[in-house]
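Pasted below: protein-v2.pdb, PDB, N, CA and C atoms.
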ATOM      1  N   MET C   1      46.766 -34.969 -18.847  1.00  0.00           N
ATOM      2  CA  MET C   1      46.511 -34.357 -17.564  1.00  0.00           C
ATOM      3  C   MET C   1      46.965 -32.897 -17.610  1.00  0.00           C
ATOM      4  N   THR C   2      46.138 -32.015 -17.056  1.00  0.00           N
ATOM      5  CA  THR C   2      46.450 -30.590 -17.070  1.00  0.00           C
ATOM      6  C   THR C   2      46.770 -30.133 -15.664  1.00  0.00           C
ATOM      7  N   VAL C   3      47.808 -29.356 -15.538  1.00  0.00           N
ATOM      8  CA  VAL C   3      48.208 -28.830 -14.234  1.00  0.00           C
ATOM      9  C   VAL C   3      47.946 -27.328 -14.235  1.00  0.00           C
ATOM     10  N   ASN C   4      47.153 -26.864 -13.290  1.00  0.00           N
ATOM     11  CA  ASN C   4      46.890 -25.429 -13.170  1.00  0.00           C
ATOM     12  C   ASN C   4      47.882 -24.833 -12.203  1.00  0.00           C
ATOM     13  N   GLN C   5      48.601 -23.869 -12.658  1.00  0.00           N
ATOM     14  CA  GLN C   5      49.556 -23.189 -11.790  1.00  0.00           C
ATOM     15  C   GLN C   5      49.109 -21.750 -11.627  1.00  0.00           C
ATOM     16  N   SER C   6      49.252 -21.241 -10.419  1.00  0.00           N
ATOM     17  CA  SER C   6      48.886 -19.850 -10.210  1.00  0.00           C
ATOM     18  C   SER C   6      49.950 -18.954 -10.816  1.00  0.00           C
ATOM     19  N   SER C   7      49.493 -17.889 -11.384  1.00  0.00           N
ATOM     20  CA  SER C   7      50.414 -16.955 -12.011  1.00  0.00           C
ATOM     21  C   SER C   7      51.039 -16.084 -10.939  1.00  0.00           C
ATOM     22  N   SER C   8      52.304 -15.863 -11.075  1.00  0.00           N
ATOM     23  CA  SER C   8      52.986 -15.006 -10.120  1.00  0.00           C
ATOM     24  C   SER C   8      53.153 -13.607 -10.696  1.00  0.00           C
ATOM     25  N   SER C   9      52.346 -13.303 -11.687  1.00  0.00           N
ATOM     26  CA  SER C   9      52.412 -12.001 -12.334  1.00  0.00           C
ATOM     27  C   SER C   9      51.979 -10.908 -11.357  1.00  0.00           C
ATOM     28  N   PRO C  10      52.744  -9.830 -11.213  1.00  0.00           N
ATOM     29  CA  PRO C  10      52.365  -8.741 -10.314  1.00  0.00           C
ATOM     30  C   PRO C  10      51.060  -8.071 -10.718  1.00  0.00           C
ATOM     31  N   LYS C  11      50.790  -7.980 -12.041  1.00  0.00           N
ATOM     32  CA  LYS C  11      49.549  -7.355 -12.492  1.00  0.00           C
ATOM     33  C   LYS C  11      48.338  -8.157 -12.038  1.00  0.00           C
ATOM     34  N   ARG C  12      48.435  -9.461 -12.113  1.00  0.00           N
ATOM     35  CA  ARG C  12      47.316 -10.305 -11.726  1.00  0.00           C
ATOM     36  C   ARG C  12      47.081 -10.223 -10.214  1.00  0.00           C
ATOM     37  N   ALA C  13      48.146 -10.173  -9.434  1.00  0.00           N
ATOM     38  CA  ALA C  13      48.014 -10.073  -7.974  1.00  0.00           C
ATOM     39  C   ALA C  13      47.374  -8.742  -7.589  1.00  0.00           C
ATOM     40  N   ILE C  14      47.766  -7.653  -8.258  1.00  0.00           N
ATOM     41  CA  ILE C  14      47.177  -6.345  -7.965  1.00  0.00           C
ATOM     42  C   ILE C  14      45.707  -6.336  -8.362  1.00  0.00           C
ATOM     43  N   GLY C  15      45.378  -6.963  -9.497  1.00  0.00           N
ATOM     44  CA  GLY C  15      43.986  -7.039  -9.948  1.00  0.00           C
ATOM     45  C   GLY C  15      43.117  -7.799  -8.959  1.00  0.00           C
ATOM     46  N   ARG C  16      43.639  -8.859  -8.404  1.00  0.00           N
ATOM     47  CA  ARG C  16      42.882  -9.635  -7.414  1.00  0.00           C
ATOM     48  C   ARG C  16      42.690  -8.844  -6.125  1.00  0.00           C
ATOM     49  N   LYS C  17      43.730  -8.132  -5.724  1.00  0.00           N
ATOM     50  CA  LYS C  17      43.618  -7.311  -4.515  1.00  0.00           C
ATOM     51  C   LYS C  17      42.589  -6.204  -4.715  1.00  0.00           C
ATOM     52  N   ARG C  18      42.622  -5.599  -5.902  1.00  0.00           N
ATOM     53  CA  ARG C  18      41.671  -4.537  -6.202  1.00  0.00           C
ATOM     54  C   ARG C  18      40.243  -5.082  -6.224  1.00  0.00           C
ATOM     55  N   ALA C  19      40.046  -6.241  -6.817  1.00  0.00           N
ATOM     56  CA  ALA C  19      38.716  -6.847  -6.879  1.00  0.00           C
ATOM     57  C   ALA C  19      38.214  -7.195  -5.479  1.00  0.00           C
ATOM     58  N   ALA C  20      39.103  -7.728  -4.656  1.00  0.00           N
ATOM     59  CA  ALA C  20      38.711  -8.066  -3.285  1.00  0.00           C
ATOM     60  C   ALA C  20      38.378  -6.803  -2.498  1.00  0.00           C
ATOM     61  N   SER C  21      39.146  -5.743  -2.709  1.00  0.00           N
ATOM     62  CA  SER C  21      38.895  -4.488  -2.023  1.00  0.00           C
ATOM     63  C   SER C  21      37.559  -3.882  -2.452  1.00  0.00           C
ATOM     64  N   LEU C  22      37.287  -3.898  -3.759  1.00  0.00           N
ATOM     65  CA  LEU C  22      36.011  -3.371  -4.257  1.00  0.00           C
ATOM     66  C   LEU C  22      34.836  -4.196  -3.750  1.00  0.00           C
ATOM     67  N   ALA C  23      34.999  -5.506  -3.697  1.00  0.00           N
ATOM     68  CA  ALA C  23      33.929  -6.358  -3.180  1.00  0.00           C
ATOM     69  C   ALA C  23      33.674  -6.058  -1.705  1.00  0.00           C
ATOM     70  N   GLY C  24      34.734  -5.856  -0.948  1.00  0.00           N
ATOM     71  CA  GLY C  24      34.577  -5.514   0.468  1.00  0.00           C
ATOM     72  C   GLY C  24      33.875  -4.178   0.650  1.00  0.00           C
ATOM     73  N   CYS C  25      34.227  -3.202  -0.175  1.00  0.00           N
ATOM     74  CA  CYS C  25      33.567  -1.888  -0.111  1.00  0.00           C
ATOM     75  C   CYS C  25      32.088  -2.002  -0.469  1.00  0.00           C
ATOM     76  N   ALA C  26      31.785  -2.799  -1.484  1.00  0.00           N
ATOM     77  CA  ALA C  26      30.399  -2.980  -1.900  1.00  0.00           C
ATOM     78  C   ALA C  26      29.574  -3.627  -0.783  1.00  0.00           C
ATOM     79  N   VAL C  27      30.136  -4.625  -0.133  1.00  0.00           N
ATOM     80  CA  VAL C  27      29.439  -5.278   0.980  1.00  0.00           C
ATOM     81  C   VAL C  27      29.208  -4.290   2.118  1.00  0.00           C
ATOM     82  N   THR C  28      30.208  -3.465   2.419  1.00  0.00           N
ATOM     83  CA  THR C  28      30.072  -2.473   3.482  1.00  0.00           C
ATOM     84  C   THR C  28      28.970  -1.474   3.161  1.00  0.00           C
ATOM     85  N   VAL C  29      28.922  -1.007   1.932  1.00  0.00           N
ATOM     86  CA  VAL C  29      27.880  -0.052   1.531  1.00  0.00           C
ATOM     87  C   VAL C  29      26.512  -0.706   1.617  1.00  0.00           C
ATOM     88  N   LEU C  30      26.373  -1.936   1.158  1.00  0.00           N
ATOM     89  CA  LEU C  30      25.087  -2.623   1.215  1.00  0.00           C
ATOM     90  C   LEU C  30      24.618  -2.825   2.656  1.00  0.00           C
ATOM     91  N   LEU C  31      25.521  -3.206   3.543  1.00  0.00           N
ATOM     92  CA  LEU C  31      25.144  -3.383   4.948  1.00  0.00           C
ATOM     93  C   LEU C  31      24.737  -2.061   5.584  1.00  0.00           C
ATOM     94  N   THR C  32      25.430  -0.986   5.238  1.00  0.00           N
ATOM     95  CA  THR C  32      25.097   0.321   5.784  1.00  0.00           C
ATOM     96  C   THR C  32      23.723   0.774   5.308  1.00  0.00           C
ATOM     97  N   VAL C  33      23.449   0.610   4.033  1.00  0.00           N
ATOM     98  CA  VAL C  33      22.152   1.013   3.488  1.00  0.00           C
ATOM     99  C   VAL C  33      21.040   0.167   4.093  1.00  0.00           C
ATOM    100  N   THR C  34      21.280  -1.111   4.272  1.00  0.00           N
ATOM    101  CA  THR C  34      20.281  -1.982   4.878  1.00  0.00           C
ATOM    102  C   THR C  34      20.011  -1.593   6.325  1.00  0.00           C
ATOM    103  N   ALA C  35      21.049  -1.281   7.065  1.00  0.00           N
ATOM    104  CA  ALA C  35      20.884  -0.915   8.473  1.00  0.00           C
ATOM    105  C   ALA C  35      20.163   0.418   8.625  1.00  0.00           C
ATOM    106  N   CYS C  36      20.353   1.319   7.685  1.00  0.00           N
ATOM    107  CA  CYS C  36      19.739   2.644   7.769  1.00  0.00           C
ATOM    108  C   CYS C  36      18.390   2.697   7.067  1.00  0.00           C
ATOM    109  N   GLY C  37      17.927   1.584   6.602  1.00  0.00           N
ATOM    110  CA  GLY C  37      16.649   1.557   5.895  1.00  0.00           C
ATOM    111  C   GLY C  37      15.485   1.835   6.811  1.00  0.00           C
ATOM    112  N   GLY C  38      14.365   2.134   6.309  1.00  0.00           N
ATOM    113  CA  GLY C  38      13.180   2.504   7.084  1.00  0.00           C
ATOM    114  C   GLY C  38      12.637   1.475   8.012  1.00  0.00           C
ATOM    115  N   GLY C  39      12.269   0.859   8.591  1.00  0.00           N
ATOM    116  CA  GLY C  39      11.948  -0.227   9.468  1.00  0.00           C
ATOM    117  C   GLY C  39      10.597  -0.781   9.220  1.00  0.00           C
ATOM    118  N   GLY C  40       9.942  -0.363   8.173  1.00  0.00           N
ATOM    119  CA  GLY C  40       8.633  -0.928   7.878  1.00  0.00           C
ATOM    120  C   GLY C  40       7.547  -0.450   8.807  1.00  0.00           C
ATOM    121  N   THR C  41       7.596   0.771   9.295  1.00  0.00           N
ATOM    122  CA  THR C  41       6.573   1.296  10.200  1.00  0.00           C
ATOM    123  C   THR C  41       5.586   2.160   9.425  1.00  0.00           C
ATOM    124  N   ALA C  42       5.309   1.786   8.201  1.00  0.00           N
ATOM    125  CA  ALA C  42       4.403   2.578   7.375  1.00  0.00           C
ATOM    126  C   ALA C  42       3.001   2.564   7.981  1.00  0.00           C
ATOM    127  N   GLY C  43       2.395   3.725   8.069  1.00  0.00           N
ATOM    128  CA  GLY C  43       1.030   3.807   8.578  1.00  0.00           C
ATOM    129  C   GLY C  43       0.927   3.967  10.076  1.00  0.00           C
ATOM    130  N   LYS C  44       2.010   3.892  10.810  1.00  0.00           N
ATOM    131  CA  LYS C  44       1.973   4.049  12.266  1.00  0.00           C
ATOM    132  C   LYS C  44       2.493   5.424  12.634  1.00  0.00           C
ATOM    133  N   THR C  45       1.916   5.991  13.672  1.00  0.00           N
ATOM    134  CA  THR C  45       2.390   7.284  14.145  1.00  0.00           C
ATOM    135  C   THR C  45       3.685   7.070  14.897  1.00  0.00           C
ATOM    136  N   THR C  46       4.697   7.820  14.537  1.00  0.00           N
ATOM    137  CA  THR C  46       5.969   7.704  15.227  1.00  0.00           C
ATOM    138  C   THR C  46       6.384   9.063  15.757  1.00  0.00           C
ATOM    139  N   LYS C  47       7.084   9.030  16.841  1.00  0.00           N
ATOM    140  CA  LYS C  47       7.633  10.238  17.436  1.00  0.00           C
ATOM    141  C   LYS C  47       9.077   9.913  17.783  1.00  0.00           C
ATOM    142  N   ASP C  48       9.998  10.715  17.313  1.00  0.00           N
ATOM    143  CA  ASP C  48      11.419  10.505  17.559  1.00  0.00           C
ATOM    144  C   ASP C  48      11.890   9.156  17.044  1.00  0.00           C
ATOM    145  N   GLY C  49      11.239   8.638  16.018  1.00  0.00           N
ATOM    146  CA  GLY C  49      11.676   7.391  15.421  1.00  0.00           C
ATOM    147  C   GLY C  49      11.155   6.139  16.093  1.00  0.00           C
ATOM    148  N   PHE C  50      10.324   6.267  17.103  1.00  0.00           N
ATOM    149  CA  PHE C  50       9.784   5.114  17.814  1.00  0.00           C
ATOM    150  C   PHE C  50       8.274   5.071  17.658  1.00  0.00           C
ATOM    151  N   ALA C  51       7.725   3.890  17.465  1.00  0.00           N
ATOM    152  CA  ALA C  51       6.281   3.737  17.384  1.00  0.00           C
ATOM    153  C   ALA C  51       5.684   3.914  18.780  1.00  0.00           C
ATOM    154  N   GLN C  52       4.600   4.665  18.853  1.00  0.00           N
ATOM    155  CA  GLN C  52       3.972   4.910  20.144  1.00  0.00           C
ATOM    156  C   GLN C  52       3.064   3.747  20.517  1.00  0.00           C
ATOM    157  N   ALA C  53       3.172   3.296  21.747  1.00  0.00           N
ATOM    158  CA  ALA C  53       2.327   2.216  22.244  1.00  0.00           C
ATOM    159  C   ALA C  53       1.047   2.823  22.801  1.00  0.00           C
ATOM    160  N   PRO C  54      -0.089   2.181  22.596  1.00  0.00           N
ATOM    161  CA  PRO C  54      -1.336   2.714  23.147  1.00  0.00           C
ATOM    162  C   PRO C  54      -1.298   2.674  24.676  1.00  0.00           C
ATOM    163  N   GLN C  55      -1.809   3.717  25.296  1.00  0.00           N
ATOM    164  CA  GLN C  55      -1.809   3.810  26.761  1.00  0.00           C
ATOM    165  C   GLN C  55      -3.129   3.270  27.303  1.00  0.00           C
ATOM    166  N   LYS C  56      -3.043   2.581  28.429  1.00  0.00           N
ATOM    167  CA  LYS C  56      -4.222   2.019  29.087  1.00  0.00           C
ATOM    168  C   LYS C  56      -4.302   2.589  30.494  1.00  0.00           C
ATOM    169  N   ASP C  57      -5.510   2.606  31.045  1.00  0.00           N
ATOM    170  CA  ASP C  57      -5.658   3.047  32.431  1.00  0.00           C
ATOM    171  C   ASP C  57      -5.019   2.019  33.349  1.00  0.00           C
ATOM    172  N   GLY C  58      -4.435   2.507  34.430  1.00  0.00           N
ATOM    173  CA  GLY C  58      -3.827   1.596  35.371  1.00  0.00           C
ATOM    174  C   GLY C  58      -2.626   2.230  36.044  1.00  0.00           C
ATOM    175  N   ALA C  59      -2.067   1.494  36.977  1.00  0.00           N
ATOM    176  CA  ALA C  59      -0.925   1.996  37.739  1.00  0.00           C
ATOM    177  C   ALA C  59       0.319   2.003  36.868  1.00  0.00           C
ATOM    178  N   LEU C  60       1.174   2.951  37.149  1.00  0.00           N
ATOM    179  CA  LEU C  60       2.443   3.068  36.445  1.00  0.00           C
ATOM    180  C   LEU C  60       3.553   2.734  37.428  1.00  0.00           C
ATOM    181  N   THR C  61       4.386   1.779  37.068  1.00  0.00           N
ATOM    182  CA  THR C  61       5.510   1.406  37.918  1.00  0.00           C
ATOM    183  C   THR C  61       6.775   2.032  37.362  1.00  0.00           C
ATOM    184  N   VAL C  62       7.480   2.767  38.209  1.00  0.00           N
ATOM    185  CA  VAL C  62       8.729   3.402  37.816  1.00  0.00           C
ATOM    186  C   VAL C  62       9.814   2.904  38.758  1.00  0.00           C
ATOM    187  N   TRP C  63      10.855   2.342  38.201  1.00  0.00           N
ATOM    188  CA  TRP C  63      11.966   1.847  39.000  1.00  0.00           C
ATOM    189  C   TRP C  63      13.033   2.929  39.060  1.00  0.00           C
ATOM    190  N   VAL C  64      13.453   3.285  40.275  1.00  0.00           N
ATOM    191  CA  VAL C  64      14.503   4.286  40.454  1.00  0.00           C
ATOM    192  C   VAL C  64      15.526   3.764  41.445  1.00  0.00           C
ATOM    193  N   ASP C  65      16.725   4.334  41.374  1.00  0.00           N
ATOM    194  CA  ASP C  65      17.741   3.971  42.345  1.00  0.00           C
ATOM    195  C   ASP C  65      17.670   4.943  43.524  1.00  0.00           C
ATOM    196  N   ALA C  66      18.454   4.710  44.555  1.00  0.00           N
ATOM    197  CA  ALA C  66      18.401   5.506  45.779  1.00  0.00           C
ATOM    198  C   ALA C  66      18.720   6.977  45.518  1.00  0.00           C
ATOM    199  N   THR C  67      19.556   7.255  44.557  1.00  0.00           N
ATOM    200  CA  THR C  67      19.941   8.629  44.250  1.00  0.00           C
ATOM    201  C   THR C  67      18.754   9.440  43.740  1.00  0.00           C
ATOM    202  N   ARG C  68      17.852   8.820  42.993  1.00  0.00           N
ATOM    203  CA  ARG C  68      16.731   9.531  42.376  1.00  0.00           C
ATOM    204  C   ARG C  68      15.420   9.333  43.120  1.00  0.00           C
ATOM    205  N   MET C  69      15.446   8.705  44.276  1.00  0.00           N
ATOM    206  CA  MET C  69      14.219   8.410  45.022  1.00  0.00           C
ATOM    207  C   MET C  69      13.483   9.682  45.431  1.00  0.00           C
ATOM    208  N   ASP C  70      14.193  10.712  45.917  1.00  0.00           N
ATOM    209  CA  ASP C  70      13.539  11.951  46.332  1.00  0.00           C
ATOM    210  C   ASP C  70      12.828  12.618  45.156  1.00  0.00           C
ATOM    211  N   ALA C  71      13.446  12.641  43.995  1.00  0.00           N
ATOM    212  CA  ALA C  71      12.824  13.236  42.820  1.00  0.00           C
ATOM    213  C   ALA C  71      11.591  12.443  42.397  1.00  0.00           C
ATOM    214  N   ALA C  72      11.646  11.123  42.481  1.00  0.00           N
ATOM    215  CA  ALA C  72      10.495  10.289  42.121  1.00  0.00           C
ATOM    216  C   ALA C  72       9.338  10.516  43.086  1.00  0.00           C
ATOM    217  N   LYS C  73       9.626  10.649  44.361  1.00  0.00           N
ATOM    218  CA  LYS C  73       8.575  10.900  45.350  1.00  0.00           C
ATOM    219  C   LYS C  73       7.947  12.283  45.142  1.00  0.00           C
ATOM    220  N   LEU C  74       8.775  13.276  44.817  1.00  0.00           N
ATOM    221  CA  LEU C  74       8.256  14.612  44.545  1.00  0.00           C
ATOM    222  C   LEU C  74       7.366  14.584  43.307  1.00  0.00           C
ATOM    223  N   TYR C  75       7.750  13.897  42.262  1.00  0.00           N
ATOM    224  CA  TYR C  75       6.932  13.785  41.061  1.00  0.00           C
ATOM    225  C   TYR C  75       5.615  13.099  41.380  1.00  0.00           C
ATOM    226  N   GLN C  76       5.679  12.040  42.174  1.00  0.00           N
ATOM    227  CA  GLN C  76       4.466  11.309  42.540  1.00  0.00           C
ATOM    228  C   GLN C  76       3.517  12.204  43.343  1.00  0.00           C
ATOM    229  N   LYS C  77       4.065  13.052  44.201  1.00  0.00           N
ATOM    230  CA  LYS C  77       3.262  13.961  45.003  1.00  0.00           C
ATOM    231  C   LYS C  77       2.598  15.023  44.119  1.00  0.00           C
ATOM    232  N   LEU C  78       3.351  15.562  43.150  1.00  0.00           N
ATOM    233  CA  LEU C  78       2.829  16.603  42.279  1.00  0.00           C
ATOM    234  C   LEU C  78       1.878  16.061  41.217  1.00  0.00           C
ATOM    235  N   HIS C  79       1.989  14.796  40.864  1.00  0.00           N
ATOM    236  CA  HIS C  79       1.157  14.183  39.824  1.00  0.00           C
ATOM    237  C   HIS C  79       0.510  12.898  40.371  1.00  0.00           C
ATOM    238  N   PRO C  80      -0.502  13.037  41.202  1.00  0.00           N
ATOM    239  CA  PRO C  80      -1.091  11.833  41.829  1.00  0.00           C
ATOM    240  C   PRO C  80      -1.796  10.903  40.836  1.00  0.00           C
TER
END
Rewrite the structure from the file as structure tokens, please.
Amino acid sequence: MTVNQSSSSPKRAIGRKRAASLAGCAVTVLLTVTACGGGGTAGKTTKDGFAQAPQKDGALTVWVDATRMDAAKLYQKLHP
């Protein structure tokens, strides 16, 4: 029967800490690169990083709070 005992060597403990730290850094870099990757919008027109939705004729509904109601009414009057 073989008994495995963990080594209490300081060098081995530092090596494990370093390996865990490097693995954590690698995961962080991979997640950052993945999050900042292009979004697969190849071939679509984008403006400011957002794909433009096609516009259709019809009424436009704009929700405003009481503070901005006067400005919304003025805009509606100037742009019927």
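Put simply, CA of Arg18 in chain C is 17.2 Å away from atom N of Leu30 in chain C.
Interatomic distance, atom C of Tyr75 in chain C to atom N of Asp48 in chain C: 24.6 Å.
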**Prompt:** By how many Å are atom N of Val64 in chain C and CA of Lys77 in chain C apart?
**Reply:**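 Computing the Euclidean distance for atom N of Val64 in chain C and CA of Lys77 in chain C yields 15.5 Å.
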Show me, as AutoDock Vina command-line options, the centre and edge lengths in Å to one decimal of the axis-aligned box that covers every listed atom of range 52-62 of chain C with 4 Å on each side.
--center_x 2.1 --center_y 3.2 --center_z 28.8 --size_x 23.5 --size_y 11.5 --size_z 27.9
